[in-house]
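Okay, coords-v7.pdb is below, PDB, C-alpha atoms and all ligand atoms:
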```pdb
ATOM      1  CA  MET S   1      -7.876 -15.238  10.900  1.00  0.00           C
ATOM      2  CA  MET S   2      -7.476 -17.836   8.154  1.00  0.00           C
ATOM      3  CA  SER S   3      -7.368 -21.549   7.597  1.00  0.00           C
ATOM      4  CA  GLY S   4      -4.768 -22.428   4.963  1.00  0.00           C
ATOM      5  CA  PRO S   5      -4.087 -21.129   1.475  1.00  0.00           C
ATOM      6  CA  ARG S   6      -6.968 -20.659  -0.977  1.00  0.00           C
ATOM      7  CA  LYS S   7      -7.175 -22.227  -4.391  1.00  0.00           C
ATOM      8  CA  ARG S   8      -8.397 -19.008  -6.012  1.00  0.00           C
ATOM      9  CA  ALA S   9      -7.612 -16.135  -3.708  1.00  0.00           C
ATOM     10  CA  PRO S  10      -8.787 -12.607  -4.543  1.00  0.00           C
ATOM     11  CA  LYS S  11      -6.107 -10.038  -5.358  1.00  0.00           C
ATOM     12  CA  ASN S  12      -7.144  -7.893  -2.382  1.00  0.00           C
ATOM     13  CA  VAL S  13      -8.976  -8.555   0.848  1.00  0.00           C
ATOM     14  CA  ALA S  14     -10.402  -6.294   3.540  1.00  0.00           C
ATOM     15  CA  VAL S  15      -8.496  -5.727   6.765  1.00  0.00           C
ATOM     16  CA  ILE S  16      -9.983  -4.102   9.870  1.00  0.00           C
ATOM     17  CA  ASP S  17      -7.780  -2.057  12.181  1.00  0.00           C
ATOM     18  CA  PRO S  18      -9.102  -3.001  15.654  1.00  0.00           C
ATOM     19  CA  ASP S  19      -7.844   0.291  17.080  1.00  0.00           C
ATOM     20  CA  HIS S  20     -10.144   2.194  14.707  1.00  0.00           C
ATOM     21  CA  CYS S  21     -13.198  -0.070  15.027  1.00  0.00           C
ATOM     22  CA  PHE S  22     -15.997   1.545  17.029  1.00  0.00           C
ATOM     23  CA  GLY S  23     -16.975  -1.875  18.414  1.00  0.00           C
ATOM     24  CA  ALA S  24     -18.690  -4.913  16.953  1.00  0.00           C
ATOM     25  CA  LEU S  25     -21.695  -4.727  19.261  1.00  0.00           C
ATOM     26  CA  ALA S  26     -22.135  -0.977  18.925  1.00  0.00           C
ATOM     27  CA  CYS S  27     -21.836  -0.757  15.148  1.00  0.00           C
ATOM     28  CA  SER S  28     -21.528  -3.847  12.882  1.00  0.00           C
ATOM     29  CA  ILE S  29     -22.320  -1.872   9.705  1.00  0.00           C
ATOM     30  CA  CYS S  30     -19.537  -3.781   7.957  1.00  0.00           C
ATOM     31  CA  GLN S  31     -21.275  -7.073   8.728  1.00  0.00           C
ATOM     32  CA  ALA S  32     -24.507  -5.730   7.260  1.00  0.00           C
ATOM     33  CA  ALA S  33     -22.659  -4.590   4.130  1.00  0.00           C
ATOM     34  CA  CYS S  34     -20.771  -7.834   3.540  1.00  0.00           C
ATOM     35  CA  PRO S  35     -22.428 -10.253   1.084  1.00  0.00           C
ATOM     36  CA  ILE S  36     -20.560 -13.290   2.445  1.00  0.00           C
ATOM     37  CA  GLU S  37     -22.038 -15.062   5.437  1.00  0.00           C
ATOM     38  CA  ASN S  38     -19.738 -15.192   8.479  1.00  0.00           C
ATOM     39  CA  CYS S  39     -16.965 -13.362   6.644  1.00  0.00           C
ATOM     40  CA  ILE S  40     -16.762 -10.533   9.184  1.00  0.00           C
ATOM     41  CA  ILE S  41     -16.720 -11.888  12.707  1.00  0.00           C
ATOM     42  CA  GLU S  42     -16.446 -10.461  16.212  1.00  0.00           C
ATOM     43  CA  GLU S  43     -13.148 -10.903  18.012  1.00  0.00           C
ATOM     44  CA  PRO S  44     -11.739  -9.515  21.265  1.00  0.00           C
ATOM     45  CA  ASP S  45      -8.954  -6.977  20.764  1.00  0.00           C
ATOM     46  CA  ARG S  46      -5.920  -6.885  23.041  1.00  0.00           C
ATOM     47  CA  ASP S  47      -8.016  -5.164  25.724  1.00  0.00           C
ATOM     48  CA  GLY S  48     -10.848  -7.673  25.462  1.00  0.00           C
ATOM     49  CA  ARG S  49     -13.155  -5.257  23.607  1.00  0.00           C
ATOM     50  CA  LEU S  50     -15.220  -6.973  20.885  1.00  0.00           C
ATOM     51  CA  VAL S  51     -14.303  -5.605  17.466  1.00  0.00           C
ATOM     52  CA  CYS S  52     -14.952  -6.799  13.943  1.00  0.00           C
ATOM     53  CA  ALA S  53     -12.393  -8.825  12.003  1.00  0.00           C
ATOM     54  CA  VAL S  54     -12.355 -10.163   8.448  1.00  0.00           C
ATOM     55  CA  ARG S  55     -11.828 -13.867   7.781  1.00  0.00           C
ATOM     56  CA  VAL S  56      -9.155 -13.842   5.103  1.00  0.00           C
ATOM     57  CA  ASP S  57     -10.244 -17.278   3.968  1.00  0.00           C
ATOM     58  CA  ALA S  58     -13.774 -16.019   3.254  1.00  0.00           C
ATOM     59  CA  CYS S  59     -13.344 -12.454   1.929  1.00  0.00           C
ATOM     60  CA  ILE S  60     -13.954 -12.099  -1.830  1.00  0.00           C
ATOM     61  CA  GLY S  61     -12.409  -8.632  -2.032  1.00  0.00           C
ATOM     62  CA  CYS S  62     -15.555  -6.772  -3.087  1.00  0.00           C
ATOM     63  CA  GLY S  63     -14.812  -3.781  -0.822  1.00  0.00           C
ATOM     64  CA  LEU S  64     -18.477  -3.197   0.052  1.00  0.00           C
ATOM     65  CA  CYS S  65     -17.581  -2.904   3.756  1.00  0.00           C
ATOM     66  CA  VAL S  66     -15.054  -0.078   3.227  1.00  0.00           C
ATOM     67  CA  ALA S  67     -15.932   3.484   4.255  1.00  0.00           C
ATOM     68  CA  LEU S  68     -17.281   5.843   1.599  1.00  0.00           C
ATOM     69  CA  GLY S  69     -14.369   8.016   0.482  1.00  0.00           C
ATOM     70  CA  ASN S  70     -11.734   5.379   1.248  1.00  0.00           C
ATOM     71  CA  GLU S  71      -9.854   5.011  -2.023  1.00  0.00           C
ATOM     72  CA  THR S  72      -8.706   1.435  -1.448  1.00  0.00           C
ATOM     73  CA  ALA S  73     -12.221   0.128  -2.236  1.00  0.00           C
ATOM     74  CA  PRO S  74     -12.589  -1.238  -5.780  1.00  0.00           C
ATOM     75  CA  GLN S  75     -16.195  -0.237  -6.464  1.00  0.00           C
ATOM     76  CA  PRO S  76     -18.904   2.276  -5.521  1.00  0.00           C
ATOM     77  CA  ARG S  77     -21.039   1.361  -2.525  1.00  0.00           C
ATOM     78  CA  ASP S  78     -24.091   2.729  -0.757  1.00  0.00           C
ATOM     79  CA  PHE S  79     -22.608   2.540   2.717  1.00  0.00           C
ATOM     80  CA  GLY S  80     -19.705   0.996   4.600  1.00  0.00           C
ATOM     81  CA  CYS S  81     -17.697   1.505   7.765  1.00  0.00           C
ATOM     82  CA  PRO S  82     -18.583   4.998   9.086  1.00  0.00           C
ATOM     83  CA  ALA S  83     -16.170   7.565   7.664  1.00  0.00           C
ATOM     84  CA  ASP S  84     -15.428   8.845  11.189  1.00  0.00           C
ATOM     85  CA  TYR S  85     -13.821   5.479  11.959  1.00  0.00           C
ATOM     86  CA  ASP S  86     -12.628   4.400   8.501  1.00  0.00           C
ATOM     87  CA  ALA S  87     -11.369   1.187  10.106  1.00  0.00           C
ATOM     88  CA  ILE S  88     -11.243  -0.961   6.958  1.00  0.00           C
ATOM     89  CA  ASP S  89      -8.721  -0.910   4.127  1.00  0.00           C
ATOM     90  CA  MET S  90      -8.288  -3.238   1.184  1.00  0.00           C
ATOM     91  CA  MET S  91      -4.822  -4.810   1.125  1.00  0.00           C
ATOM     92  CA  THR S  92      -3.222  -7.365  -1.155  1.00  0.00           C
ATOM     93  CA  TYR S  93      -4.045 -10.935  -0.214  1.00  0.00           C
ATOM     94  CA  ASP S  94      -0.341 -11.848  -0.350  1.00  0.00           C
ATOM     95  CA  ASP S  95       0.654  -9.087   2.097  1.00  0.00           C
ATOM     96  CA  VAL S  96      -2.122 -10.051   4.507  1.00  0.00           C
ATOM     97  CA  VAL S  97      -1.151 -13.732   4.433  1.00  0.00           C
ATOM     98  CA  LYS S  98       2.517 -12.827   4.986  1.00  0.00           C
ATOM     99  CA  SER S  99       1.723 -10.617   7.961  1.00  0.00           C
ATOM    100  CA  LEU S 100      -0.522 -13.303   9.491  1.00  0.00           C
ATOM    101  CA  GLU S 101       2.268 -15.852   9.096  1.00  0.00           C
ATOM    102  CA  MET S 102       4.708 -13.477  10.809  1.00  0.00           C
ATOM    103  CA  VAL S 103       2.264 -12.975  13.690  1.00  0.00           C
ATOM    104  CA  SER S 104       1.744 -16.705  14.174  1.00  0.00           C
ATOM    105  CA  GLU S 105       5.520 -17.378  14.042  1.00  0.00           C
ATOM    106  CA  ALA S 106       6.033 -14.683  16.694  1.00  0.00           C
ATOM    107  CA  ASP S 107       3.304 -16.308  18.819  1.00  0.00           C
ATOM    108  CA  VAL S 108       5.015 -19.697  18.559  1.00  0.00           C
ATOM    109  CA  GLU S 109       8.380 -18.161  19.524  1.00  0.00           C
ATOM    110  CA  ALA S 110       6.810 -16.340  22.472  1.00  0.00           C
ATOM    111  CA  ASN S 111       5.158 -19.543  23.677  1.00  0.00           C
ATOM    112  CA  VAL S 112       8.427 -21.482  23.311  1.00  0.00           C
ATOM    113  CA  SER S 113      10.413 -18.907  25.273  1.00  0.00           C
ATOM    114  CA  GLU S 114       7.685 -18.901  27.934  1.00  0.00           C
ATOM    115  CA  VAL S 115       8.018 -22.675  28.320  1.00  0.00           C
ATOM    116  CA  VAL S 116      11.799 -22.948  27.875  1.00  0.00           C
ATOM    117  CA  GLY S 117      12.734 -19.658  29.514  1.00  0.00           C
ATOM    118  CA  PRO S 118      15.335 -17.090  28.346  1.00  0.00           C
TER     119      PRO S 118
HETATM  120  S1  LIG W 201     -14.353  -6.930   1.010  1.00  0.00           S
HETATM  121 FE1  LIG W 201     -16.436  -7.765   0.603  1.00  0.00          FE
HETATM  122  S2  LIG W 201     -16.279  -9.906   1.173  1.00  0.00           S
HETATM  123 FE2  LIG W 201     -14.513  -8.891   2.068  1.00  0.00          FE
HETATM  124  S3  LIG W 201     -15.119  -8.369   4.148  1.00  0.00           S
HETATM  125 FE3  LIG W 201     -15.561  -6.594   2.867  1.00  0.00          FE
HETATM  126  S4  LIG W 201     -17.690  -6.830   2.196  1.00  0.00           S
HETATM  127 FE4  LIG W 201     -17.000  -8.835   2.985  1.00  0.00          FE
HETATM  128  S1  LIG W 202     -18.275  -0.781  10.315  1.00  0.00           S
HETATM  129 FE1  LIG W 202     -16.211  -0.153  10.974  1.00  0.00          FE
HETATM  130  S2  LIG W 202     -16.472   0.707  13.037  1.00  0.00           S
HETATM  131 FE2  LIG W 202     -18.339  -0.466  12.533  1.00  0.00          FE
HETATM  132  S3  LIG W 202     -17.979  -2.516  13.413  1.00  0.00           S
HETATM  133 FE3  LIG W 202     -17.303  -2.562  11.261  1.00  0.00          FE
HETATM  134  S4  LIG W 202     -15.115  -2.053  11.301  1.00  0.00           S
HETATM  135 FE4  LIG W 202     -15.986  -1.462  13.277  1.00  0.00          FE
END
```
Rewrite the coordinates I just gave you, this time as structure tokens.
Ligand code: SF4
Ligand code: SF4
Amino acid sequence: MMSGPRKRAPKNVAVIDPDHCFGALACSICQAACPIENCIIEEPDRDGRLVCAVRVDACIGCGLCVALGNETAPQPRDFGCPADYDAIDMMTYDDVVKSLEMVSEADVEANVSEVVGP
């Protein structure tokens, strides 16, 4: 989720794999670890299960939400996503923005073909 390019984007941001998230209501450790208000939100996955998701436009790239032992995190932390789930990785901001743009273009194309037909 994002809302336009940032003036000073971090080099890396956190990305949550919904398939690995234990569930936003059952866990939410990442939200407790994150220093930025409303940066990690709850979103339904493709099956309607509420999982956590990082707002790319809010993440500062601190890595405090990332599981202990996950080497993509930039700094030591006291806790993070449980290691059993290890649902969060740090990825480059540019790659995340590109993949979000590809997803939204695919959504637009799918909606157009739904309206126009094959
Ligand atoms: S990297 Fe930091 S700012 Fe970004 S979601 Fe994780 S804890 Fe929040
Ligand atoms: S800490 Fe990990 S498993 Fe728990 S809600 Fe966040 S992403 Fe999901």
As a check of understanding, name the residues that the PyMOL selection byres (((not hetatm)) within 12 of (chain W and resi 202)) selects in the supplied structure, as a short mmCIF file (atom, residue, chain, number, x, y, z; two decimals) with C-alpha atoms, in the frame of the given file.
```cif
data_model
loop_
_atom_site.label_atom_id
_atom_site.label_comp_id
_atom_site.auth_asym_id
_atom_site.auth_seq_id
_atom_site.Cartn_x
_atom_site.Cartn_y
_atom_site.Cartn_z
CA ALA S 14 -10.40 -6.29 3.54
CA VAL S 15 -8.50 -5.73 6.76
CA ILE S 16 -9.98 -4.10 9.87
CA ASP S 17 -7.78 -2.06 12.18
CA PRO S 18 -9.10 -3.00 15.65
CA ASP S 19 -7.84 0.29 17.08
CA HIS S 20 -10.14 2.19 14.71
CA CYS S 21 -13.20 -0.07 15.03
CA PHE S 22 -16.00 1.54 17.03
CA GLY S 23 -16.98 -1.88 18.41
CA ALA S 24 -18.69 -4.91 16.95
CA LEU S 25 -21.70 -4.73 19.26
CA ALA S 26 -22.14 -0.98 18.92
CA CYS S 27 -21.84 -0.76 15.15
CA SER S 28 -21.53 -3.85 12.88
CA ILE S 29 -22.32 -1.87 9.70
CA CYS S 30 -19.54 -3.78 7.96
CA GLN S 31 -21.28 -7.07 8.73
CA ALA S 32 -24.51 -5.73 7.26
CA ALA S 33 -22.66 -4.59 4.13
CA CYS S 34 -20.77 -7.83 3.54
CA CYS S 39 -16.96 -13.36 6.64
CA ILE S 40 -16.76 -10.53 9.18
CA ILE S 41 -16.72 -11.89 12.71
CA GLU S 42 -16.45 -10.46 16.21
CA GLU S 43 -13.15 -10.90 18.01
CA ASP S 45 -8.95 -6.98 20.76
CA ARG S 49 -13.16 -5.26 23.61
CA LEU S 50 -15.22 -6.97 20.88
CA VAL S 51 -14.30 -5.60 17.47
CA CYS S 52 -14.95 -6.80 13.94
CA ALA S 53 -12.39 -8.82 12.00
CA VAL S 54 -12.36 -10.16 8.45
CA LEU S 64 -18.48 -3.20 0.05
CA CYS S 65 -17.58 -2.90 3.76
CA VAL S 66 -15.05 -0.08 3.23
CA ALA S 67 -15.93 3.48 4.26
CA LEU S 68 -17.28 5.84 1.60
CA PHE S 79 -22.61 2.54 2.72
CA GLY S 80 -19.70 1.00 4.60
CA CYS S 81 -17.70 1.50 7.76
CA PRO S 82 -18.58 5.00 9.09
CA ALA S 83 -16.17 7.56 7.66
CA ASP S 84 -15.43 8.85 11.19
CA TYR S 85 -13.82 5.48 11.96
CA ASP S 86 -12.63 4.40 8.50
CA ALA S 87 -11.37 1.19 10.11
CA ILE S 88 -11.24 -0.96 6.96
CA ASP S 89 -8.72 -0.91 4.13
#
```
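Going from CA of Pro35 (chain S) to CA of Asp47 (chain S) covers 29.0 Å.
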Which one is closest to ligand LIG 201 (chain W): S:Arg46, S:Cys62, S:Arg55, S:Pro10? Count all atoms listed in the file.
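Comparing S:Arg46, S:Cys62, S:Arg55, S:Pro10 against ligand LIG 201 (chain W), the winner is S:Cys62.
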Please evaluate the PyMOL selection byres (((chain S and resi 94-98) around 9) and not hetatm) against the displayed coordinates and give the resulting residues as a compact mmCIF listing (two decimals) with C-alpha atoms, keeping the file's coordinate frame.
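Result written to result06.txt:
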```txt
# COMPACT_ATOMS: atom_id res chain seq x y z
CA MET S 2 -7.48 -17.84 8.15
CA PRO S 5 -4.09 -21.13 1.48
CA LYS S 11 -6.11 -10.04 -5.36
CA ASN S 12 -7.14 -7.89 -2.38
CA VAL S 13 -8.98 -8.56 0.85
CA VAL S 15 -8.50 -5.73 6.76
CA VAL S 56 -9.15 -13.84 5.10
CA MET S 91 -4.82 -4.81 1.12
CA THR S 92 -3.22 -7.36 -1.16
CA TYR S 93 -4.04 -10.94 -0.21
CA SER S 99 1.72 -10.62 7.96
CA LEU S 100 -0.52 -13.30 9.49
CA GLU S 101 2.27 -15.85 9.10
CA MET S 102 4.71 -13.48 10.81
CA VAL S 103 2.26 -12.98 13.69
```
d(CA of Ala58 (chain S), CA of Thr72 (chain S)) in Å
18.8 Å
Between atom FE3 of ligand LIG 201 (chain W) and CA of Lys7 (chain S) lies a distance of 19.2 Å
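Each of S:Ala9, S:Gly69, S:Glu105, S:Ile60 was compared to ligand LIG 201 (chain W) using only C-alpha atoms and all ligand atoms, and S:Ile60 turns out to be the nearest.
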Could you work out an axis-aligned bounding box for all listed atoms of region 30-46 of chain S, with 4 Å added on each of the six sides, and give its centre and edge lengths in Å to one decimal, as lines of an AutoDock Vina configuration file?
```
center_x = -15.2
center_y = -9.5
center_z = 12.1
size_x = 26.6
size_y = 19.4
size_z = 30.0
```
Written-out region 18-31 of chain S (N, CA and C atoms) as a PDB file, in the first residue's frame:
```pdb
ATOM      1  N   PRO S  18       2.130 -12.191   3.257  1.00  0.00           N
ATOM      2  CA  PRO S  18       0.874 -12.559   3.919  1.00  0.00           C
ATOM      3  C   PRO S  18       0.749 -14.060   4.144  1.00  0.00           C
ATOM      4  N   ASP S  19       1.371 -14.849   3.280  1.00  0.00           N
ATOM      5  CA  ASP S  19       1.277 -16.308   3.431  1.00  0.00           C
ATOM      6  C   ASP S  19       2.034 -16.805   4.664  1.00  0.00           C
ATOM      7  N   HIS S  20       2.985 -16.005   5.140  1.00  0.00           N
ATOM      8  CA  HIS S  20       3.761 -16.413   6.323  1.00  0.00           C
ATOM      9  C   HIS S  20       3.262 -15.756   7.598  1.00  0.00           C
ATOM     10  N   CYS S  21       2.407 -14.740   7.469  1.00  0.00           N
ATOM     11  CA  CYS S  21       1.926 -14.023   8.664  1.00  0.00           C
ATOM     12  C   CYS S  21       0.955 -14.911   9.445  1.00  0.00           C
ATOM     13  N   PHE S  22       1.180 -14.982  10.743  1.00  0.00           N
ATOM     14  CA  PHE S  22       0.334 -15.819  11.613  1.00  0.00           C
ATOM     15  C   PHE S  22      -1.079 -15.261  11.701  1.00  0.00           C
ATOM     16  N   GLY S  23      -1.232 -13.959  11.488  1.00  0.00           N
ATOM     17  CA  GLY S  23      -2.551 -13.319  11.572  1.00  0.00           C
ATOM     18  C   GLY S  23      -2.479 -12.071  12.426  1.00  0.00           C
ATOM     19  N   ALA S  24      -3.017 -10.975  11.888  1.00  0.00           N
ATOM     20  CA  ALA S  24      -2.899  -9.687  12.568  1.00  0.00           C
ATOM     21  C   ALA S  24      -3.575  -9.698  13.930  1.00  0.00           C
ATOM     22  N   LEU S  25      -4.698 -10.375  14.064  1.00  0.00           N
ATOM     23  CA  LEU S  25      -5.418 -10.349  15.326  1.00  0.00           C
ATOM     24  C   LEU S  25      -4.787 -11.304  16.338  1.00  0.00           C
ATOM     25  N   ALA S  26      -4.156 -12.352  15.840  1.00  0.00           N
ATOM     26  CA  ALA S  26      -3.581 -13.352  16.732  1.00  0.00           C
ATOM     27  C   ALA S  26      -2.180 -12.972  17.205  1.00  0.00           C
ATOM     28  N   CYS S  27      -1.508 -12.096  16.489  1.00  0.00           N
ATOM     29  CA  CYS S  27      -0.100 -11.843  16.803  1.00  0.00           C
ATOM     30  C   CYS S  27       0.177 -10.347  16.988  1.00  0.00           C
ATOM     31  N   SER S  28       0.372  -9.630  15.927  1.00  0.00           N
ATOM     32  CA  SER S  28       0.619  -8.177  15.900  1.00  0.00           C
ATOM     33  C   SER S  28       1.891  -7.728  16.629  1.00  0.00           C
ATOM     34  N   ILE S  29       2.848  -8.636  16.795  1.00  0.00           N
ATOM     35  CA  ILE S  29       4.127  -8.257  17.421  1.00  0.00           C
ATOM     36  C   ILE S  29       4.833  -7.181  16.575  1.00  0.00           C
ATOM     37  N   CYS S  30       4.709  -7.307  15.266  1.00  0.00           N
ATOM     38  CA  CYS S  30       5.365  -6.323  14.392  1.00  0.00           C
ATOM     39  C   CYS S  30       4.823  -4.922  14.652  1.00  0.00           C
ATOM     40  N   GLN S  31       3.523  -4.819  14.907  1.00  0.00           N
ATOM     41  CA  GLN S  31       2.934  -3.504  15.167  1.00  0.00           C
ATOM     42  C   GLN S  31       3.469  -2.942  16.488  1.00  0.00           C
TER      43      GLN S  31
END
```
